[in-house]
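Participant: Got start_12.txt for you, compact mmCIF, C-alpha atoms:
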```txt
# COMPACT_ATOMS: atom_id res chain seq x y z
CA MET A 1463 0.00 0.00 0.00
CA ILE A 1464 1.06 3.58 -0.62
CA ILE A 1465 0.36 6.95 0.96
CA ASP A 1466 1.54 9.72 -1.34
CA GLN A 1467 2.18 13.45 -1.03
CA VAL A 1468 2.69 13.60 2.74
CA ASN A 1469 5.34 15.09 4.96
CA VAL A 1470 6.87 11.99 6.57
CA PHE A 1471 8.19 12.49 10.10
CA THR A 1472 11.03 10.03 10.72
CA PRO A 1473 13.11 10.22 13.93
CA ASP A 1474 15.92 12.08 12.19
CA ILE A 1475 14.45 14.10 9.33
CA ILE A 1476 11.20 15.25 7.79
CA ILE A 1477 10.75 14.07 4.21
CA PRO A 1478 8.59 16.73 2.51
CA ASN A 1479 6.03 15.63 -0.04
CA GLY A 1480 7.07 12.04 0.51
CA ARG A 1481 5.69 8.63 -0.29
CA MET A 1482 5.20 5.80 2.20
CA ILE A 1483 5.15 2.19 0.99
CA TYR A 1484 3.96 -0.30 3.58
CA GLY A 1485 2.35 -3.61 4.45
CA GLU A 1486 2.27 -4.64 8.10
CA LYS A 1487 5.69 -2.98 8.30
CA VAL A 1488 7.23 0.00 6.57
CA GLU A 1489 8.72 -1.16 3.27
CA GLY A 1490 9.94 2.09 1.75
CA ILE A 1491 10.04 5.85 2.17
CA GLN A 1492 10.62 7.99 -0.90
CA SER A 1493 10.81 11.71 -1.60
CA ASN A 1494 9.09 13.32 -4.55
CA GLU A 1495 10.94 15.76 -6.77
CA ARG A 1496 8.40 18.56 -6.48
CA SER A 1497 7.52 19.97 -3.10
CA SER A 1498 4.01 20.96 -2.04
CA LYS A 1499 2.86 23.32 0.69
CA ASP A 1500 -0.48 21.57 1.02
CA CYS A 1501 0.78 18.17 2.17
CA HIS A 1502 -0.71 16.48 5.19
CA ASN A 1503 1.63 15.20 7.90
CA LEU A 1504 2.30 11.47 8.31
CA VAL A 1505 3.56 10.95 11.86
CA PRO A 1506 4.22 7.90 14.04
CA GLY A 1507 1.23 6.47 15.89
CA PHE A 1508 0.89 7.97 19.34
CA VAL A 1509 2.09 5.97 22.35
CA ASP A 1510 0.15 6.41 25.61
CA THR A 1511 2.03 4.66 28.40
CA HIS A 1512 -0.19 5.95 31.23
CA ASN A 1513 -3.88 5.46 30.53
CA HIS A 1514 -6.45 4.08 33.00
CA GLY A 1515 -9.40 3.92 30.64
CA CYS A 1516 -12.01 5.68 28.51
CA MET A 1517 -15.54 5.35 27.16
CA GLY A 1518 -16.90 4.12 30.50
CA GLU A 1519 -14.30 1.35 30.75
CA ASP A 1520 -11.40 0.98 33.19
CA PHE A 1521 -8.40 -1.24 32.48
CA SER A 1522 -8.55 -2.35 36.13
CA ASN A 1523 -12.09 -3.71 35.80
CA THR A 1524 -13.15 -4.70 32.30
CA ASP A 1525 -13.43 -7.59 29.83
CA PHE A 1526 -12.64 -8.34 26.18
CA ASP A 1527 -15.51 -6.18 24.93
CA GLY A 1528 -14.37 -3.29 27.12
CA LEU A 1529 -10.81 -3.57 25.88
CA SER A 1530 -11.99 -3.55 22.26
CA ARG A 1531 -14.17 -0.52 22.93
CA MET A 1532 -11.26 1.37 24.45
CA GLU A 1533 -8.96 0.45 21.57
CA LYS A 1534 -11.46 1.73 19.02
CA PHE A 1535 -11.79 5.08 20.80
CA LEU A 1536 -8.03 5.47 21.21
CA TYR A 1537 -7.51 4.80 17.50
CA SER A 1538 -9.79 7.77 16.80
CA ARG A 1539 -7.37 9.86 18.86
CA GLY A 1540 -4.26 8.59 17.07
CA VAL A 1541 -3.12 6.17 19.79
CA THR A 1542 -1.72 3.00 18.21
CA THR A 1543 0.12 1.78 21.32
CA VAL A 1544 -1.17 1.91 24.90
CA LEU A 1545 -0.15 0.50 28.27
CA ALA A 1546 -3.14 -0.62 30.32
CA THR A 1547 -2.58 1.30 33.54
CA THR A 1548 -3.85 0.08 36.90
CA LEU A 1549 -4.25 1.85 40.23
CA SER A 1550 -3.66 0.74 43.80
CA LEU A 1551 -5.84 -2.36 44.00
CA PRO A 1552 -5.97 -5.56 46.05
CA PHE A 1553 -3.12 -7.58 44.60
CA ASP A 1554 -5.50 -10.37 43.56
CA ALA A 1555 -7.23 -7.80 41.34
CA ILE A 1556 -3.87 -6.91 39.79
CA ARG A 1557 -3.30 -10.60 39.06
CA LYS A 1558 -6.66 -10.69 37.26
CA VAL A 1559 -5.77 -7.62 35.16
CA VAL A 1560 -2.48 -9.22 34.11
CA ALA A 1561 -4.28 -12.45 33.19
CA LEU A 1562 -6.90 -10.54 31.19
CA ILE A 1563 -4.38 -8.49 29.22
CA ARG A 1564 -2.24 -11.56 28.49
CA ASN A 1565 -5.28 -13.50 27.29
CA TYR A 1566 -6.51 -10.58 25.16
CA ARG A 1567 -3.12 -10.16 23.51
CA GLU A 1568 -3.01 -13.88 22.70
CA HIS A 1569 -6.42 -13.64 21.00
CA HIS A 1570 -5.68 -10.27 19.35
CA PRO A 1571 -2.05 -10.37 18.16
CA LYS A 1572 -2.42 -7.00 16.40
CA THR A 1573 -3.78 -5.22 19.46
CA SER A 1574 -2.61 -1.74 20.43
CA ILE A 1575 -2.36 -2.87 24.07
CA ALA A 1576 1.38 -3.45 24.37
CA GLY A 1577 1.52 -4.23 28.08
CA ILE A 1578 0.74 -2.92 31.55
CA HIS A 1579 1.76 0.02 33.71
CA LEU A 1580 1.30 -0.66 37.43
CA GLU A 1581 0.70 2.69 39.11
CA GLY A 1582 0.80 1.50 42.70
CA PRO A 1583 0.09 -0.05 45.11
CA PHE A 1584 3.67 0.47 46.38
CA ILE A 1585 3.34 4.22 46.88
CA ASN A 1586 3.31 6.68 49.78
CA ILE A 1587 -0.16 7.11 51.27
CA LYS A 1588 0.68 10.74 52.08
CA LYS A 1589 0.86 11.43 48.34
CA LYS A 1590 -1.98 9.14 47.31
CA GLY A 1591 -3.75 11.68 45.10
CA ALA A 1592 -6.84 9.85 43.83
CA GLN A 1593 -5.53 6.40 44.73
CA ASN A 1594 -7.61 4.34 47.16
CA PRO A 1595 -5.80 4.37 50.54
CA ASP A 1596 -7.28 0.98 51.48
CA TYR A 1597 -4.99 -0.75 48.96
CA ILE A 1598 -1.72 1.16 49.31
CA LYS A 1599 0.99 -1.05 50.81
CA SER A 1600 4.60 -2.16 50.86
CA PRO A 1601 5.47 -5.10 48.60
CA ASP A 1602 5.92 -8.63 49.83
CA ASP A 1603 8.08 -11.31 48.24
CA ARG A 1604 5.19 -13.12 46.55
CA GLU A 1605 4.02 -9.93 44.88
CA ILE A 1606 7.49 -9.11 43.60
CA ASP A 1607 7.87 -12.68 42.33
CA PHE A 1608 4.59 -12.32 40.43
CA ILE A 1609 5.73 -9.06 38.84
CA LEU A 1610 9.04 -10.60 37.76
CA GLN A 1611 7.27 -13.68 36.38
CA ASN A 1612 5.24 -11.32 34.18
CA LYS A 1613 8.03 -8.93 33.25
CA ASP A 1614 7.33 -9.52 29.56
CA LEU A 1615 3.95 -7.83 30.07
CA ILE A 1616 4.52 -5.41 32.96
CA LYS A 1617 6.49 -2.68 31.24
CA VAL A 1618 6.36 0.16 33.79
CA ILE A 1619 5.80 0.36 37.54
CA THR A 1620 5.21 3.57 39.46
CA LEU A 1621 6.42 3.41 43.06
CA ALA A 1622 7.67 5.52 45.94
CA PRO A 1623 11.40 4.91 46.63
CA GLU A 1624 10.95 5.36 50.38
CA VAL A 1625 8.35 2.57 50.39
CA VAL A 1626 10.21 -0.12 48.40
CA GLY A 1627 13.92 0.64 48.92
CA ASP A 1628 16.81 0.78 46.47
CA GLU A 1629 17.42 -2.98 46.40
CA MET A 1630 13.91 -3.55 45.06
CA ILE A 1631 14.34 -0.77 42.48
CA GLN A 1632 17.55 -2.38 41.30
CA LEU A 1633 15.87 -5.80 41.07
CA LEU A 1634 12.95 -4.52 39.01
CA SER A 1635 15.02 -2.37 36.66
CA SER A 1636 17.62 -5.09 36.11
CA ASN A 1637 14.76 -7.31 34.89
CA GLY A 1638 13.80 -4.82 32.20
CA ILE A 1639 10.90 -3.14 34.00
CA THR A 1640 10.89 0.66 33.80
CA VAL A 1641 10.77 2.02 37.35
CA SER A 1642 9.01 5.37 37.57
CA ILE A 1643 9.15 7.52 40.70
CA GLY A 1644 5.74 8.81 41.75
CA HIS A 1645 3.22 9.33 44.53
CA THR A 1646 6.18 9.93 46.79
CA CYS A 1647 7.47 12.10 49.65
CA ALA A 1648 11.09 11.55 48.62
CA ASN A 1649 13.33 14.60 48.81
CA TYR A 1650 15.78 15.61 46.10
CA HIS A 1651 18.69 13.41 47.25
CA ARG A 1652 16.48 10.37 47.94
CA SER A 1653 15.12 10.69 44.41
CA LEU A 1654 18.64 10.78 42.96
CA GLU A 1655 19.54 7.65 44.96
CA ALA A 1656 16.57 5.90 43.37
CA ILE A 1657 17.81 6.91 39.93
CA GLN A 1658 21.27 5.60 40.73
CA SER A 1659 19.61 2.31 41.69
CA GLY A 1660 17.85 2.02 38.33
CA ALA A 1661 14.75 4.23 38.33
CA SER A 1662 14.58 6.06 35.01
CA ARG A 1663 11.35 8.00 34.99
CA PHE A 1664 9.07 10.31 37.00
CA THR A 1665 5.31 9.76 36.96
CA HIS A 1666 3.22 12.87 36.07
CA LEU A 1667 5.92 15.35 37.08
CA PHE A 1668 4.93 17.85 39.81
CA ASN A 1669 1.73 15.96 40.62
CA ALA A 1670 1.64 13.73 43.74
CA MET A 1671 5.29 14.35 44.65
CA THR A 1672 7.35 16.76 46.73
CA PRO A 1673 7.43 20.19 45.08
CA LEU A 1674 10.28 22.54 44.27
CA HIS A 1675 11.68 24.46 47.25
CA HIS A 1676 14.74 26.66 47.32
CA ARG A 1677 16.38 24.59 50.10
CA ASP A 1678 15.32 21.20 48.74
CA LEU A 1679 14.33 20.81 45.11
CA GLY A 1680 12.28 17.75 46.02
CA THR A 1681 11.19 14.97 43.72
CA SER A 1682 10.08 17.55 41.15
CA GLY A 1683 13.54 19.14 41.05
CA ALA A 1684 15.18 15.74 40.67
CA GLY A 1685 12.96 15.14 37.66
CA LEU A 1686 14.03 18.43 36.12
CA LEU A 1687 17.78 18.18 36.78
CA SER A 1688 18.39 14.46 36.25
CA ASP A 1689 18.63 12.70 32.89
CA ALA A 1690 15.56 10.60 33.71
CA TYR A 1691 12.37 10.73 31.66
CA VAL A 1692 9.48 12.81 32.98
CA GLU A 1693 5.78 12.33 32.28
CA LEU A 1694 3.68 15.45 31.66
CA ILE A 1695 -0.11 15.75 31.60
CA CYS A 1696 -0.59 18.56 29.08
CA ASP A 1697 -4.24 19.30 29.75
CA LEU A 1698 -3.36 22.81 31.01
CA ILE A 1699 -5.05 21.86 34.31
CA HIS A 1700 -2.52 19.54 35.95
CA LEU A 1701 0.20 21.89 34.72
CA SER A 1702 0.05 25.56 33.78
CA PRO A 1703 1.37 26.67 30.40
CA GLU A 1704 4.32 28.31 32.16
CA THR A 1705 5.20 25.06 33.94
CA ILE A 1706 5.23 23.20 30.64
CA GLN A 1707 7.49 25.90 29.22
CA LEU A 1708 9.80 25.56 32.24
CA VAL A 1709 10.15 21.80 31.70
CA PHE A 1710 11.05 22.25 28.03
CA LYS A 1711 13.59 24.95 28.88
CA THR A 1712 15.17 22.70 31.54
CA LYS A 1713 14.94 19.17 30.08
CA ASN A 1714 16.22 17.67 26.85
CA PRO A 1715 13.04 17.17 24.75
CA ASP A 1716 14.16 13.56 24.23
CA ARG A 1717 13.43 12.95 27.93
CA ILE A 1718 9.87 14.32 28.02
CA ILE A 1719 6.84 12.03 27.74
CA PHE A 1720 3.25 13.13 27.21
CA ILE A 1721 0.64 10.97 28.90
CA SER A 1722 -3.13 11.21 29.08
CA ASP A 1723 -3.62 9.74 32.58
CA ALA A 1724 -7.13 9.25 31.20
CA MET A 1725 -9.87 7.63 33.28
CA GLU A 1726 -13.15 5.97 32.34
CA ALA A 1727 -15.07 9.22 31.72
CA THR A 1728 -12.75 10.18 28.85
CA GLY A 1729 -14.84 10.42 25.68
CA LEU A 1730 -18.12 10.65 27.62
CA LYS A 1731 -20.32 13.44 28.96
CA PRO A 1732 -19.72 15.16 32.31
CA GLY A 1733 -21.15 13.33 35.30
CA GLN A 1734 -20.29 11.05 38.19
CA TYR A 1735 -17.88 8.20 37.55
CA SER A 1736 -15.49 5.90 39.44
CA LEU A 1737 -11.72 5.48 39.71
CA GLY A 1738 -10.21 2.71 41.81
CA GLY A 1739 -13.41 2.45 43.82
CA LEU A 1740 -13.55 6.20 44.53
CA GLU A 1741 -16.31 8.56 43.33
CA VAL A 1742 -15.12 10.99 40.69
CA PHE A 1743 -16.96 14.10 39.47
CA VAL A 1744 -16.25 15.04 35.87
CA ASP A 1745 -16.87 18.34 34.07
CA GLU A 1746 -15.92 19.34 30.52
CA HIS A 1747 -12.23 19.61 31.32
CA SER A 1748 -11.26 17.68 34.47
CA ALA A 1749 -11.99 14.79 36.81
CA ARG A 1750 -11.92 15.36 40.58
CA LEU A 1751 -12.72 13.68 43.86
CA LYS A 1752 -15.39 15.26 46.07
CA ASP A 1753 -12.67 17.23 47.93
CA GLY A 1754 -11.39 18.73 44.67
CA THR A 1755 -8.36 16.44 44.25
CA LEU A 1756 -7.59 15.80 40.59
CA ALA A 1757 -8.45 12.19 39.73
CA GLY A 1758 -6.62 11.36 36.55
CA SER A 1759 -7.84 13.30 33.54
CA VAL A 1760 -10.22 13.28 30.60
CA LEU A 1761 -7.41 14.29 28.25
CA LYS A 1762 -7.02 12.76 24.82
CA LEU A 1763 -3.41 12.45 23.70
CA ASN A 1764 -4.01 14.29 20.43
CA ASP A 1765 -5.29 17.25 22.46
CA ALA A 1766 -2.07 17.17 24.49
CA LEU A 1767 -0.20 17.64 21.21
CA ILE A 1768 -2.40 20.59 20.25
CA ASN A 1769 -2.07 22.17 23.71
CA ALA A 1770 1.70 21.84 23.68
CA LYS A 1771 1.99 23.28 20.18
CA ARG A 1772 -0.03 26.27 21.37
CA VAL A 1773 2.12 27.05 24.44
CA LEU A 1774 5.58 26.11 23.16
CA SER A 1775 7.68 27.87 20.54
CA LEU A 1776 9.08 24.62 19.18
CA PRO A 1777 9.00 22.79 15.83
CA LEU A 1778 6.31 20.14 15.53
CA GLU A 1779 8.89 17.37 15.28
CA ASP A 1780 10.33 18.19 18.72
CA ILE A 1781 6.91 18.01 20.34
CA LEU A 1782 5.87 14.86 18.45
CA ARG A 1783 8.72 12.89 20.02
CA CYS A 1784 7.06 13.38 23.40
CA LEU A 1785 4.08 11.22 22.45
CA THR A 1786 5.76 8.81 20.01
CA LYS A 1787 9.43 7.87 20.31
CA ASN A 1788 10.11 8.96 23.90
CA PRO A 1789 7.37 6.98 25.69
CA SER A 1790 8.18 3.97 23.53
CA VAL A 1791 11.91 4.00 24.27
CA SER A 1792 11.32 4.68 27.97
CA SER A 1793 8.96 1.69 28.21
CA ASN A 1794 11.07 -0.69 26.07
CA LEU A 1795 8.45 -0.89 23.32
CA ASN A 1796 8.83 -1.34 19.56
CA SER A 1797 6.69 1.56 18.40
CA GLY A 1798 6.56 5.32 18.02
CA ILE A 1799 9.05 5.47 15.15
CA ILE A 1800 8.64 5.56 11.37
CA GLY A 1801 11.46 3.59 9.75
CA ILE A 1802 12.11 0.74 7.33
CA GLY A 1803 11.12 -2.55 8.93
CA LYS A 1804 9.22 -0.85 11.77
CA PRO A 1805 5.51 -1.57 12.37
CA ALA A 1806 3.28 0.41 10.01
CA ASP A 1807 1.64 2.46 12.76
CA PHE A 1808 0.87 5.97 11.49
CA VAL A 1809 -1.38 8.94 12.04
CA LEU A 1810 -2.29 11.28 9.18
CA LEU A 1811 -2.73 14.86 10.42
CA ASP A 1812 -3.88 17.96 8.60
CA GLN A 1813 -2.14 21.31 9.09
CA ASP A 1814 -4.34 22.01 12.14
CA LEU A 1815 -3.20 18.71 13.72
CA THR A 1816 -6.67 17.21 13.28
CA ILE A 1817 -6.59 13.43 12.82
CA ILE A 1818 -7.60 12.32 9.33
CA LYS A 1819 -6.65 8.66 9.51
CA THR A 1820 -5.04 6.16 11.90
CA ILE A 1821 -3.21 3.09 10.57
CA LYS A 1822 -2.21 0.16 12.80
CA ASN A 1823 -0.06 -2.70 11.46
CA GLY A 1824 -0.77 -1.46 7.95
CA GLU A 1825 -4.57 -1.49 8.39
CA THR A 1826 -6.77 1.61 8.55
CA VAL A 1827 -8.39 1.46 12.01
CA TYR A 1828 -9.90 4.96 11.97
CA GLU A 1829 -10.82 7.42 9.24
CA ARG A 1830 -12.47 10.79 9.67
```
Now, as a test, write the supplied structure out as structure tokens.

Facilitator:
Amino acid sequence: MIIDQVNVFTPDIIIPNGRMIYGEKVEGIQSNERSSKDCHNLVPGFVDTHNHGCMGEDFSNTDFDGLSRMEKFLYSRGVTTVLATTLSLPFDAIRKVVALIRNYREHHPKTSIAGIHLEGPFINIKKKGAQNPDYIKSPDDREIDFILQNKDLIKVITLAPEVVGDEMIQLLSSNGITVSIGHTCANYHRSLEAIQSGASRFTHLFNAMTPLHHRDLGTSGAGLLSDAYVELICDLIHLSPETIQLVFKTKNPDRIIFISDAMEATGLKPGQYSLGGLEVFVDEHSARLKDGTLAGSVLKLNDALINAKRVLSLPLEDILRCLTKNPSVSSNLNSGIIGIGKPADFVLLDQDLTIIKTIKNGETVYER
């Protein structure tokens, strides 16, 4: 198959007025002799490595039909790779989620669900955010054994360093699991110790962690000054435009990851919903607990791209990496990059960044 007269965004260069030849994988990329100002943009499929659910479904409590429904919606938003993200749950419930995702992937080998992100339960209850305090705990040996036995599927785990310790961080990271620091009271130096032990990422930077202070930069400052990846929720609610600008002025753009942190109300009307067993009240722009605490988001990843383009004075290609290549590399996935031999996962965007078409494994899975 061929897509012609598009600006092709590869990791290294943009090929203007190019041609993409593909089957399930990319077979060829060619440039046309004559340029055109009216070309659409062909970009890598978006990679959402922190997503709890959408369309009334929650990855922590769903079935095959629910997973298919979520996939279909995410395709309409350009997401061709997603990590099913859990919350702090009874560990038996986590076991069931892992079994469900493994079974679904076996029955749907072309699925966009590339694995699992465990956000909790090994976090600090003092920074629980919208996590259910009844299920927050320290890990035991059986739970760690289960995680390691399923390391092919569990790609990312969010934890608090002061809860699990550096030995556990080293064990998880040495087994190929991305350890992300989050929901934590760790100070600046404790956060750096966790990075030295193998942690390589910060979960939704600034949210549910110790803030910047001029005598201790906290977890947030460690995220800014270290070489670790940082997740950002670019809904302009979790973070102000100026905060997003600060991160891009401080961090290498190759270390910034856009996430949705979406919950089940994403894609639906405002109302009352649930997250991890807690009541959540949703308006047009945000999801909150009764006390006003932000409870995930209703952000779509394509809107994060549009928001970032609006507040940042950066080329499109620099911002695109934050929701394609960067989350993929950070999570040890094979996606988010257009290149020969890579999966044919693309999004066709017009000049206003509106999604025209989404292609997964060479098949059109959404068309406007």

Participant: Within 9 Å of Leu1545 (chain A), counting all atoms listed in the file, which residues qualify if same-chain residues fewer than 2 places away don't, as a ChimeraX atom specification?

Facilitator: /A:1509-1514,1543,1547,1574-1579,1616-1618

Participant: Is there a way to get, as a PyMOL selection string, all residues within 7 Å of the point (-2.4, 14.0, 9.3) in file coordinates, counting all atoms listed in the file?

Facilitator: chain A and resi 1502-1504+1809-1812+1815-1819

Participant: Residues within 10 Å of Asp1689 (chain A), please, as a count of residues only. Count all atoms listed in the file; anything in the same chain fewer than 6 positions from it doesn't count.

Facilitator: 7

Participant: In file coordinates, which residues lie within 9 Å of (-12.5, -8.3, 27.4) using only C-alpha atoms, given as a list in words?

Facilitator: Thr1524, Asp1525, Phe1526, Asp1527, Gly1528, Leu1529, Ser1530, Leu1562, Ile1563, Asn1565 and Tyr1566 of chain A

Participant: When distances are computed from all atoms listed in the file, which of A:Met1463, A:Leu1615, A:Val1760, A:Ala1622 shows the smallest separation from Glu1489 (chain A)?

Facilitator: A:Met1463

Participant: Which residue gives the smallest distance to Gly1798 (chain A) among A:Ala1684, A:Ile1606, A:Ala1749, A:Ile1719, with only C-alpha atoms counted?

Facilitator: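 Selected residue with least distance to Gly1798 (chain A): A:Ile1719.
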
Participant: Which of these residues is nearest to Phe1471 (chain A), using all atoms listed in the file: A:Ser1635, A:Ser1688, A:Ser1550, A:Thr1786?

Facilitator: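 Of all the options, A:Thr1786 lies closest to Phe1471 (chain A).
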
Participant: Centre and edge lengths of an axis-aligned box around all listed atoms of region 1685-1701 of chain A, with 6 Å added on each side, are to be given in Å to one decimal, as JSON.

Facilitator:
```
{"center_x": 6.8, "center_y": 16.7, "center_z": 33.4, "size_x": 35.7, "size_y": 24.2, "size_z": 20.6}
```

Participant: Excluding Leu1694 (chain A) and residues on its chain fewer than 4 positions from it, collect all residues at most 7 Å away from it, counting all atoms listed in the file, and give them as an mmCIF file with C-alpha atoms, in the coordinates of the input.

Facilitator:
```cif
data_model
loop_
_atom_site.group_PDB
_atom_site.id
_atom_site.type_symbol
_atom_site.label_atom_id
_atom_site.label_comp_id
_atom_site.auth_asym_id
_atom_site.auth_seq_id
_atom_site.Cartn_x
_atom_site.Cartn_y
_atom_site.Cartn_z
ATOM 1 C CA HIS A 1666 3.220 12.870 36.070
ATOM 2 C CA LEU A 1667 5.920 15.350 37.080
ATOM 3 C CA ILE A 1719 6.840 12.030 27.740
ATOM 4 C CA PHE A 1720 3.250 13.130 27.210
ATOM 5 C CA ILE A 1721 0.640 10.970 28.900
#
```

Participant: So how far away is CA of Lys1589 (chain A) from CA of Ala1661 (chain A), in Å?

Facilitator: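 Separation of CA of Ala1661 (chain A) and CA of Lys1589 (chain A): 18.6 Å.
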